[in-house]
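Here's the structure, in structure tokens; my notes come after.
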2 protein chains.
Amino acid sequence: MPAKSKSAHRSGCPVSICLEVFGDRWSLLIVRDLMVRGYHTFKEFQQSGEGIASNILAGRLQKLEAAEIITAEPDETDGRSIHYRLTEKGIDLAPVLLELLIWGAKHEETGAPCALMAEMAKNREAILAETRRRWKERDPNPLLPPFGKESKLS
Amino acid sequence: MPAKSKSAHRSGCPVSICLEVFGDRWSLLIVRDLMVRGYHTFKEFQQSGEGIASNILAGRLQKLEAAEIITAEPDETDGRSIHYRLTEKGIDLAPVLLELLIWGAKHEETGAPCALMAEMAKNREAILAETRRRWKERDPNPLLPPFGKESKLS
DNA sequence: CTAACTTACTTGCAAAAAACAAGTAGATTG
DNA sequence: CAATCTACTTGTTTTTTGCAAGTAAGTTAG
């Protein structure tokens with residue numbers, strides 16, 4: 001039997017191929033957690049408040065690793081834990097996430113403060129630069145907090 | 001029984017809410033077709049080369065309309081046909097689509113010519129402005145062609 | 001006027017994926 | 001060494017998708 005081509009895409013459109021890689025309800029949330037919240041373990045993803053099931057999470061982590069968007073390495077100080085990290089390809093999703101954030105905050109009722117979002121839309125480039133810096137330097141501080149339904153940053 | 005809240009979101013995060021609205025393999029392709037290809041009928045979406053099934057397409061069109069991302073109106077010159085169009089909320093997805101396009105073209109093997117994509121990444125603002133102009137003026141000319149696997153624009 | 005055709009769907013069914021609830025292996029802590 | 005913790009896996013049920021037909025309303029050709 002002729003091996004099915006590894007790249008049997010629906011079409012050659014870049015958007016279509018993106019959606020094949022991470023076009024679902026969960027993948028980009030994992031990327032978000034890694035990118036702006038400083039999460040890097042299975043447990044943290046699971047507790048991030050979205051309610052992903054553990055089998056689905058495991059599957060998504062595998063898929064993202066296979067797509068070379070994240071890497072997985074055993075934690076150096078705790079052998080149980082696995083440290084997930086974005087690759088360069090993964091951090092390049094920052095502009096996509098940022099535009100989703102801006103659109104969502106503008107058009108849907110979210111827990112994100114409007115003022116903060118308006119500012120982010122203005123400072124696009126600065127925020128992307130800061131995101132990348134944090135990634136490069138492994139800065140563990142979150143860039144953004146989780147936005148609960150009634151998030152108040154006072 | 002207490003009516004289930006209409007906005008029973010997983011979390012208040014704008015990204016999460018975006019994914020609830022169009023986080024699947026098909027929704028953004030319909031938006032793409034409307035935005036840059038000048039498609040506006042059921043049949044055109046169906047024949048756009050991605051292979052969406054008619055029941056799924058019908059479902060997605062309903063969902064997008066319910067989310068106020070598109071509108072549906074009977075065609076003025078052909079009573080069988082329904083004319084779909086992006087709302088303002090829908091055209092505001094242009095930056096998201098553009099970033100997906102750029103990421104996909106950079107990191108995956110696509111049918112889009114690298115040179116063209118590099119140029120688009122540079123002229124982000126101009127392209128977004130042109131996209132919006134086309135939408136506002138109902139310009140029927142496609143901004144981009146479908147990218148087949150061996151697309152050659154010569 | 002009407003028969004053939006077109007458009008935008010719907011319906012029924014099988015297959016795949018997601019959600020839910022438990023359980024487990026290996027590392028670690030007390 | 002017993003209890004705990006982390007990152008999963010394994011069943012099972014429910015939901016979504018994909019595929020093949022079919023249909024209703026509007027249109028065109030004769």
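Going through the structure tokens in order, the chains are called A, B, and so on, while each chain numbers its residues from 1 and the ligands are numbered from 1 in the order shown.
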
Within 8 Å of chain A, which residues of chain B show up when using only C-alpha atoms, listed as a VMD selection string?
chain B and resid 10 to 20 23 to 26 29 49 to 51 89 92 to 93 95 to 97 99 to 105 107 to 112 146 to 150

Mind listing as a list in words which residues of chain D are within 12 Å of chain B, counting only C-alpha atoms (C1' of nucleotides)?
DT16, DT17, DG18, DC19, DA20, DA24, DA25, DG26, DT27 and DT28 of chain D

Grab the residues selected above and save them as a short mmCIF file (atom, residue, chain, number, x, y, z; two decimals), in the first residue's frame with C-alpha atoms (C1' of nucleotides).
```cif
data_model
loop_
_atom_site.label_atom_id
_atom_site.label_comp_id
_atom_site.auth_asym_id
_atom_site.auth_seq_id
_atom_site.Cartn_x
_atom_site.Cartn_y
_atom_site.Cartn_z
"C1'" DT D 16 -19.38 16.29 16.73
"C1'" DT D 17 -17.93 15.23 12.10
"C1'" DG D 18 -18.07 13.20 7.61
"C1'" DC D 19 -20.50 11.07 3.95
"C1'" DA D 20 -24.39 9.89 0.88
"C1'" DA D 24 -38.11 22.43 -1.36
"C1'" DA D 25 -38.18 26.60 -3.52
"C1'" DG D 26 -36.65 29.50 -7.40
"C1'" DT D 27 -35.09 29.70 -12.23
"C1'" DT D 28 -34.29 28.71 -17.13
#
```

Strand (DSSP E or B) positions in chain A, given as number ranges by chain:
A: 70-74, 82-86

DSSP alpha helix (DSSP H) selection over stretch 30-134 of chain B, as a count of residues only:
59

Chain C contacts to chain A at 9 Å (only C-alpha atoms (C1' of nucleotides)) as a list in words
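That gives the following set of residues: DA18, DA19, DC20, DG26, DA27 and DT28 of chain C.
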
Stretch 8-10 of chain D environment, 10 Å, only C-alpha atoms (C1' of nucleotides), sequence neighbours closer than 3 positions dropped, as number ranges by chain
A: 42, 54-55, 57-58; C: 22-25

Based on the selection just made, write C-alpha atoms (C1' of nucleotides) of those residues as a tab-separated table (two decimals), in the first residue's frame.
```
chain	number	residue	atom	x	y	z
A	42	PHE	CA	0.79	19.58	32.85
A	54	SER	CA	-6.47	15.25	31.14
A	55	ASN	CA	-6.64	12.89	28.17
A	57	LEU	CA	-4.54	17.82	27.32
A	58	ALA	CA	-2.10	14.94	26.92
C	22	DA	C1'	-11.14	6.05	37.25
C	23	DG	C1'	-6.89	4.06	37.61
C	24	DT	C1'	-1.66	3.62	37.32
C	25	DA	C1'	3.57	4.08	37.11
```
